[in-house]
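Participant: Sharing structure21.pdb below, PDB, C-alpha atoms:
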```pdb
ATOM      1  CA  MET A  20     178.983 217.381 153.233
ATOM      2  CA  VAL A  21     176.159 216.463 150.863
ATOM      3  CA  ALA A  22     178.626 216.026 148.007
ATOM      4  CA  MET A  23     180.864 213.804 150.161
ATOM      5  CA  GLU A  24     177.890 211.676 151.205
ATOM      6  CA  LYS A  25     176.822 211.193 147.579
ATOM      7  CA  LYS A  26     180.388 210.235 146.684
ATOM      8  CA  ASN A  27     180.513 207.695 149.506
ATOM      9  CA  LYS A  28     177.185 206.195 148.398
ATOM     10  CA  LYS A  29     178.502 205.791 144.862
ATOM     11  CA  GLN A  30     181.673 204.130 146.168
ATOM     12  CA  ARG A  31     179.652 201.755 148.345
ATOM     13  CA  LYS A  32     177.419 200.934 145.367
ATOM     14  CA  ARG A  33     180.414 200.202 143.130
ATOM     15  CA  TRP A  34     181.935 198.065 145.899
ATOM     16  CA  ARG A  35     178.693 196.047 146.263
ATOM     17  CA  GLU A  36     178.496 195.571 142.495
ATOM     18  CA  LYS A  37     182.106 194.393 142.441
ATOM     19  CA  MET A  38     181.438 191.933 145.271
ATOM     20  CA  ASN A  39     178.387 190.592 143.419
ATOM     21  CA  ASP A  40     180.472 190.160 140.283
ATOM     22  CA  ASP A  41     183.125 188.290 142.287
ATOM     23  CA  ASP A  42     180.450 186.039 143.797
ATOM     24  CA  ASP A  43     179.107 185.285 140.319
ATOM     25  CA  ASP A  44     182.628 184.388 139.175
ATOM     26  CA  ASP A  45     183.041 182.044 142.152
ATOM     27  CA  ASP A  46     179.687 180.397 141.398
ATOM     28  CA  GLU A  47     180.732 179.905 137.784
ATOM     29  CA  LYS A  48     184.002 178.304 138.925
ATOM     30  CA  VAL A  49     182.123 175.900 141.184
ATOM     31  CA  GLU A  50     179.725 175.037 138.370
ATOM     32  CA  ASP A  51     182.647 174.462 136.003
ATOM     33  CA  GLU A  52     184.342 172.201 138.549
ATOM     34  CA  GLU A  53     181.128 170.241 139.056
ATOM     35  CA  GLU A  54     180.638 169.889 135.311
ATOM     36  CA  ASN A  55     184.243 168.761 134.878
ATOM     37  CA  GLU A  56     184.094 166.375 137.823
ATOM     38  CA  GLY A  57     184.917 162.884 136.599
ATOM     39  CA  LYS A  58     186.334 164.139 133.290
ATOM     40  CA  ASN A  59     189.907 164.250 132.136
ATOM     41  CA  ILE A  60     191.563 167.043 130.191
ATOM     42  CA  ASN A  61     190.535 165.440 126.899
ATOM     43  CA  GLY A  62     186.869 165.537 127.826
ATOM     44  CA  GLY A  63     186.591 161.800 128.473
ATOM     45  CA  GLU A  64     185.388 160.185 131.650
ATOM     46  CA  ARG A  65     188.012 160.102 134.369
ATOM     47  CA  GLN A  66     187.795 156.970 136.492
ATOM     48  CA  ARG A  67     188.226 157.899 140.111
ATOM     49  CA  GLU A  68     189.327 155.377 142.682
ATOM     50  CA  HIS A  69     187.334 155.183 145.883
ATOM     51  CA  PRO A  70     188.815 153.650 149.031
ATOM     52  CA  PHE A  71     188.042 150.078 149.995
ATOM     53  CA  ILE A  72     186.158 149.179 153.140
ATOM     54  CA  VAL A  73     185.570 145.815 154.790
ATOM     55  CA  THR A  74     182.259 144.391 153.622
ATOM     56  CA  GLU A  75     180.544 141.072 154.155
ATOM     57  CA  PRO A  76     180.028 138.714 151.201
ATOM     58  CA  GLY A  77     177.274 140.075 148.984
ATOM     59  CA  GLU A  78     177.238 143.456 150.706
ATOM     60  CA  VAL A  79     177.392 146.545 148.517
ATOM     61  CA  ALA A  80     179.502 149.387 149.884
ATOM     62  CA  ARG A  81     177.651 152.642 150.442
ATOM     63  CA  GLY A  82     178.745 156.125 149.527
ATOM     64  CA  LYS A  83     182.004 156.712 147.724
ATOM     65  CA  LYS A  84     183.503 153.425 148.887
ATOM     66  CA  ASN A  85     184.305 150.092 147.281
ATOM     67  CA  GLY A  86     183.598 146.748 148.920
ATOM     68  CA  LEU A  87     185.631 143.558 148.943
ATOM     69  CA  ASP A  88     183.418 141.775 146.414
ATOM     70  CA  TYR A  89     184.351 144.540 143.993
ATOM     71  CA  LEU A  90     188.036 144.114 144.870
ATOM     72  CA  PHE A  91     187.929 140.402 144.063
ATOM     73  CA  HIS A  92     186.051 141.164 140.849
ATOM     74  CA  LEU A  93     189.019 143.261 139.703
ATOM     75  CA  TYR A  94     191.173 140.131 139.775
ATOM     76  CA  GLU A  95     188.687 138.388 137.515
ATOM     77  CA  GLN A  96     188.902 141.365 135.170
ATOM     78  CA  CYS A  97     192.688 141.070 135.156
ATOM     79  CA  ARG A  98     192.327 137.474 134.045
ATOM     80  CA  GLU A  99     190.124 138.594 131.152
ATOM     81  CA  PHE A 100     192.663 141.235 130.127
ATOM     82  CA  LEU A 101     195.438 138.629 130.253
ATOM     83  CA  ILE A 102     193.458 136.405 127.882
ATOM     84  CA  ARG A 103     193.064 139.321 125.458
ATOM     85  CA  VAL A 104     196.786 140.067 125.610
ATOM     86  CA  GLN A 105     197.534 136.390 124.975
ATOM     87  CA  VAL A 106     195.292 136.370 121.895
ATOM     88  CA  ILE A 107     196.991 139.485 120.512
ATOM     89  CA  ALA A 108     200.444 138.016 121.176
ATOM     90  CA  LYS A 109     199.544 134.774 119.386
ATOM     91  CA  ASP A 110     198.190 136.660 116.381
ATOM     92  CA  ARG A 111     201.429 138.632 116.166
ATOM     93  CA  GLY A 112     203.601 135.580 116.670
ATOM     94  CA  GLU A 113     205.025 137.072 119.857
ATOM     95  CA  LYS A 114     205.833 135.441 123.175
ATOM     96  CA  CYS A 115     202.618 134.812 125.067
ATOM     97  CA  PRO A 116     202.549 135.928 128.729
ATOM     98  CA  THR A 117     201.261 133.362 131.210
ATOM     99  CA  LYS A 118     200.983 135.693 134.195
ATOM    100  CA  VAL A 119     199.634 139.166 134.865
ATOM    101  CA  THR A 120     202.603 141.376 134.006
ATOM    102  CA  ASN A 121     203.165 145.052 133.258
ATOM    103  CA  GLN A 122     202.056 144.302 129.713
ATOM    104  CA  VAL A 123     198.606 143.360 130.988
ATOM    105  CA  PHE A 124     198.337 146.445 133.199
ATOM    106  CA  ARG A 125     199.299 148.664 130.260
ATOM    107  CA  TYR A 126     196.672 146.982 128.100
ATOM    108  CA  ALA A 127     194.035 147.468 130.816
ATOM    109  CA  LYS A 128     194.879 151.159 131.024
ATOM    110  CA  LYS A 129     194.620 151.581 127.256
ATOM    111  CA  ALA A 130     191.289 149.757 127.348
ATOM    112  CA  GLY A 131     189.980 152.360 129.795
ATOM    113  CA  ALA A 132     190.383 150.334 132.988
ATOM    114  CA  SER A 133     192.868 152.673 134.657
ATOM    115  CA  TYR A 134     191.455 151.604 138.022
ATOM    116  CA  ILE A 135     193.328 148.326 137.516
ATOM    117  CA  ASN A 136     196.945 149.026 138.365
ATOM    118  CA  LYS A 137     199.955 147.024 139.457
ATOM    119  CA  PRO A 138     200.463 148.443 142.987
ATOM    120  CA  LYS A 139     196.863 147.867 144.042
ATOM    121  CA  MET A 140     196.506 144.414 142.522
ATOM    122  CA  ARG A 141     199.809 143.207 143.969
ATOM    123  CA  HIS A 142     198.921 144.726 147.345
ATOM    124  CA  TYR A 143     195.832 142.560 147.837
ATOM    125  CA  VAL A 144     196.742 139.443 145.863
ATOM    126  CA  HIS A 145     197.191 137.319 149.006
ATOM    127  CA  CYS A 146     193.666 138.322 150.108
ATOM    128  CA  TYR A 147     192.373 137.137 146.766
ATOM    129  CA  ALA A 148     194.393 133.934 147.199
ATOM    130  CA  LEU A 149     192.653 133.218 150.501
ATOM    131  CA  HIS A 150     189.315 133.920 148.832
ATOM    132  CA  CYS A 151     190.146 131.378 146.108
ATOM    133  CA  LEU A 152     191.663 128.672 148.313
ATOM    134  CA  ASP A 153     189.196 128.755 151.204
ATOM    135  CA  GLU A 154     186.216 130.982 150.554
ATOM    136  CA  ASP A 155     184.508 129.969 153.814
ATOM    137  CA  VAL A 156     187.455 131.136 155.920
ATOM    138  CA  SER A 157     187.759 134.291 153.817
ATOM    139  CA  ASN A 158     184.070 135.096 154.271
ATOM    140  CA  GLU A 159     184.193 134.503 158.016
ATOM    141  CA  LEU A 160     187.202 136.788 158.341
ATOM    142  CA  ARG A 161     185.321 139.492 156.492
ATOM    143  CA  ARG A 162     182.309 139.151 158.783
ATOM    144  CA  VAL A 163     184.437 139.321 161.935
ATOM    145  CA  PHE A 164     186.341 142.410 160.822
ATOM    146  CA  LYS A 165     183.149 144.083 159.633
ATOM    147  CA  GLU A 166     181.526 143.515 163.048
ATOM    148  CA  ARG A 167     184.590 144.933 164.793
ATOM    149  CA  GLY A 168     184.566 147.986 162.572
ATOM    150  CA  GLU A 169     188.141 147.300 161.475
ATOM    151  CA  ASN A 170     189.627 149.061 158.466
ATOM    152  CA  VAL A 171     190.719 147.338 155.288
ATOM    153  CA  GLY A 172     194.399 147.537 156.260
ATOM    154  CA  ALA A 173     193.834 145.427 159.367
ATOM    155  CA  TRP A 174     191.771 142.935 157.363
ATOM    156  CA  ARG A 175     194.510 142.721 154.746
ATOM    157  CA  GLN A 176     197.137 141.869 157.362
ATOM    158  CA  ALA A 177     194.842 139.287 158.951
ATOM    159  CA  CYS A 178     194.546 137.409 155.656
ATOM    160  CA  TYR A 179     198.141 136.176 155.940
ATOM    161  CA  LYS A 180     197.662 133.876 158.940
ATOM    162  CA  PRO A 181     194.975 131.529 157.524
ATOM    163  CA  LEU A 182     196.792 131.532 154.200
ATOM    164  CA  VAL A 183     200.040 130.388 155.819
ATOM    165  CA  ALA A 184     198.026 127.696 157.612
ATOM    166  CA  ILE A 185     196.825 126.433 154.222
ATOM    167  CA  VAL A 186     200.400 126.399 152.940
ATOM    168  CA  THR A 187     201.456 124.443 156.028
ATOM    169  CA  ARG A 188     198.796 121.793 155.490
ATOM    170  CA  GLN A 189     199.783 121.409 151.847
ATOM    171  CA  GLY A 190     203.482 120.768 152.374
ATOM    172  CA  TRP A 191     204.875 124.326 152.316
ATOM    173  CA  ASP A 192     205.074 124.497 148.524
ATOM    174  CA  ILE A 193     203.465 127.889 147.966
ATOM    175  CA  ASP A 194     204.463 127.959 144.288
ATOM    176  CA  ALA A 195     202.751 124.636 143.624
ATOM    177  CA  ILE A 196     199.620 125.868 145.394
ATOM    178  CA  PHE A 197     199.429 128.971 143.209
ATOM    179  CA  ASN A 198     200.372 127.218 139.966
ATOM    180  CA  SER A 199     197.852 124.411 140.431
ATOM    181  CA  HIS A 200     194.920 126.765 140.974
ATOM    182  CA  PRO A 201     193.226 128.020 137.780
ATOM    183  CA  ARG A 202     192.623 131.529 139.150
ATOM    184  CA  LEU A 203     195.899 131.931 141.047
ATOM    185  CA  SER A 204     198.290 130.481 138.485
ATOM    186  CA  ILE A 205     198.354 133.807 136.621
ATOM    187  CA  TRP A 206     199.644 135.673 139.689
ATOM    188  CA  TYR A 207     203.115 135.806 141.178
ATOM    189  CA  VAL A 208     203.437 134.659 144.781
ATOM    190  CA  PRO A 209     203.671 137.746 147.025
ATOM    191  CA  THR A 210     207.105 138.164 148.589
ATOM    192  CA  LYS A 211     205.772 138.600 152.117
ATOM    193  CA  LEU A 212     203.625 135.479 151.850
ATOM    194  CA  ARG A 213     206.649 133.510 150.696
ATOM    195  CA  GLN A 214     208.724 134.874 153.583
ATOM    196  CA  LEU A 215     206.046 134.066 156.156
ATOM    197  CA  SER A 216     205.693 130.549 154.764
ATOM    198  CA  HIS A 217     209.444 129.945 154.914
ATOM    199  CA  SER A 218     209.588 131.339 158.438
ATOM    200  CA  GLU A 219     206.763 129.075 159.581
ATOM    201  CA  ARG A 220     208.449 126.096 157.959
ATOM    202  CA  ASN A 221     211.726 126.869 159.743
ATOM    203  CA  ASN A 222     209.908 127.225 163.054
ATOM    204  CA  ALA A 223     208.215 123.877 162.519
ATOM    205  CA  ALA A 224     211.561 122.257 161.693
ATOM    206  CA  ILE A 225     213.169 123.708 164.824
ATOM    207  CA  ALA A 226     210.248 122.561 166.960
ATOM    208  CA  SER A 227     210.444 119.081 165.452
ATOM    209  CA  THR A 228     214.184 118.912 166.124
ATOM    210  CA  SER A 229     213.678 120.028 169.711
ATOM    211  CA  VAL A 230     211.084 117.322 170.273
ATOM    212  CA  GLY A 231     213.455 114.713 168.836
ATOM    213  CA  ILE A 232     216.276 115.813 171.129
ATOM    214  CA  ASN A 233     214.046 115.772 174.205
ATOM    215  CA  CYS A 234     212.893 112.268 173.367
TER     216      CYS A 234
END
```
Just give me the structure of the file as structure tokens.

Facilitator:
Amino acid sequence: MVAMEKKNKKQRKRWREKMNDDDDDDDEKVEDEEENEGKNINGGERQREHPFIVTEPGEVARGKKNGLDYLFHLYEQCREFLIRVQVIAKDRGEKCPTKVTNQVFRYAKKAGASYINKPKMRHYVHCYALHCLDEDVSNELRRVFKERGENVGAWRQACYKPLVAIVTRQGWDIDAIFNSHPRLSIWYVPTKLRQLSHSERNNAAIASTSVGINC
């Protein structure tokens, strides 16, 4: 019995030592993950994208979030990258891009700005357009949606309506509106914005025709 008890004690001791070793290994893994956080496989800094939230003008997003001022700043950065690409193209005697194309996004990525990518920038370009064309309306929309606690997706959708209203007041020519603005001329008109503008124009034409018939 004594021999069996000693054997059991030794087994329990070995088991505890093994568990402690496993815990140490887990701690080392966590430390390694924390040390590697924000780094890519080549040892460089990995730029992580944080989600956008609705913020008021001048408000800095808290925590691991990005505000709308930061979003609009990305469009200004795109413009700077386009200028660099244009300079390089001129030096090489190549065709010079006039709009933000895949070439610009590739250049931005090579320059370390991987947070600037085509899907994201195209996704919010109409929001940036509203910001450029009527900053007061854009700011008010941000304040309202911030007070309501709405998410950025709802705010993004809401940006279409005042933008279409601007297009309506300026004769429906969305391309002319973009091309005549120094900050918007480098961006393609979003397909949905174009569709909404055409739809609103058709509705206005139908309404006008109906009024004429009734008269």

Participant: Can I get the residues of stretch 117-179 of chain A within 8 Å of stretch 203-225 of chain A, each with the closest pair of atoms and their distance in Å to one decimal, using only C-alpha atoms, sorted chain first then ascending number, as CSV?

Facilitator:
```
residue,atom,partner,partner_atom,distance
A:Thr117,CA,A:Ile205,CA,6.2
A:Lys118,CA,A:Ile205,CA,4.0
A:Val119,CA,A:Ile205,CA,5.8
A:Arg141,CA,A:Pro209,CA,7.4
A:Val144,CA,A:Pro209,CA,7.2
A:His145,CA,A:Pro209,CA,6.8
A:Ala148,CA,A:Leu203,CA,6.6
A:Cys151,CA,A:Leu203,CA,7.7
A:Tyr179,CA,A:Leu212,CA,6.9
```

Participant: Could you write out the selected residues, including C-alpha atoms, as a compact mmCIF listing (two decimals), in the coordinates of the input?

Facilitator:
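What landed in part-v7.txt:
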```txt
# COMPACT_ATOMS: atom_id res chain seq x y z
CA THR A 117 201.26 133.36 131.21
CA LYS A 118 200.98 135.69 134.20
CA VAL A 119 199.63 139.17 134.86
CA ARG A 141 199.81 143.21 143.97
CA VAL A 144 196.74 139.44 145.86
CA HIS A 145 197.19 137.32 149.01
CA ALA A 148 194.39 133.93 147.20
CA CYS A 151 190.15 131.38 146.11
CA TYR A 179 198.14 136.18 155.94
```

Participant: Go through the shown structure with the PyMOL selection byres ((chain A and resi 127) around 10) and write out the matching residues as a PyMOL selection string.

Facilitator: chain A and resi 96-97+99-101+103-104+121-126+128-136

Participant: Write out the residues from the selection above, keeping C-alpha atoms, as an mmCIF file, in the frame of the given file.

Facilitator:
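Wrote selection27.cif, looks like this:
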```
data_model
loop_
_atom_site.group_PDB
_atom_site.id
_atom_site.type_symbol
_atom_site.label_atom_id
_atom_site.label_comp_id
_atom_site.auth_asym_id
_atom_site.auth_seq_id
_atom_site.Cartn_x
_atom_site.Cartn_y
_atom_site.Cartn_z
ATOM 1 C CA GLN A 96 188.902 141.365 135.170
ATOM 2 C CA CYS A 97 192.688 141.070 135.156
ATOM 3 C CA GLU A 99 190.124 138.594 131.152
ATOM 4 C CA PHE A 100 192.663 141.235 130.127
ATOM 5 C CA LEU A 101 195.438 138.629 130.253
ATOM 6 C CA ARG A 103 193.064 139.321 125.458
ATOM 7 C CA VAL A 104 196.786 140.067 125.610
ATOM 8 C CA ASN A 121 203.165 145.052 133.258
ATOM 9 C CA GLN A 122 202.056 144.302 129.713
ATOM 10 C CA VAL A 123 198.606 143.360 130.988
ATOM 11 C CA PHE A 124 198.337 146.445 133.199
ATOM 12 C CA ARG A 125 199.299 148.664 130.260
ATOM 13 C CA TYR A 126 196.672 146.982 128.100
ATOM 14 C CA LYS A 128 194.879 151.159 131.024
ATOM 15 C CA LYS A 129 194.620 151.581 127.256
ATOM 16 C CA ALA A 130 191.289 149.757 127.348
ATOM 17 C CA GLY A 131 189.980 152.360 129.795
ATOM 18 C CA ALA A 132 190.383 150.334 132.988
ATOM 19 C CA SER A 133 192.868 152.673 134.657
ATOM 20 C CA TYR A 134 191.455 151.604 138.022
ATOM 21 C CA ILE A 135 193.328 148.326 137.516
ATOM 22 C CA ASN A 136 196.945 149.026 138.365
#
```

Participant: Restricting the calculation to all atoms listed in the file: of A:Leu160, A:Asp88, A:Glu113, A:Leu93, which residue gets closest to A:Ala173?

Facilitator: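 So, comparing all the options, the nearest one is A:Leu160.
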
Participant: Tell me which of A:Lys83, A:His92, A:His69, A:Lys165 sits closest to A:Arg202, counting all atoms listed in the file.

Facilitator: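 With all atoms listed in the file as the atom set, the closest residue is A:His92.
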
Participant: So the first atom is atom CA of A:Gly82 and the second is atom CA of A:Glu169; what is the distance between them in Å, to one decimal place?

Facilitator: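 Atom-to-atom, atom CA of A:Gly82 to atom CA of A:Glu169, that is 17.6 Å.
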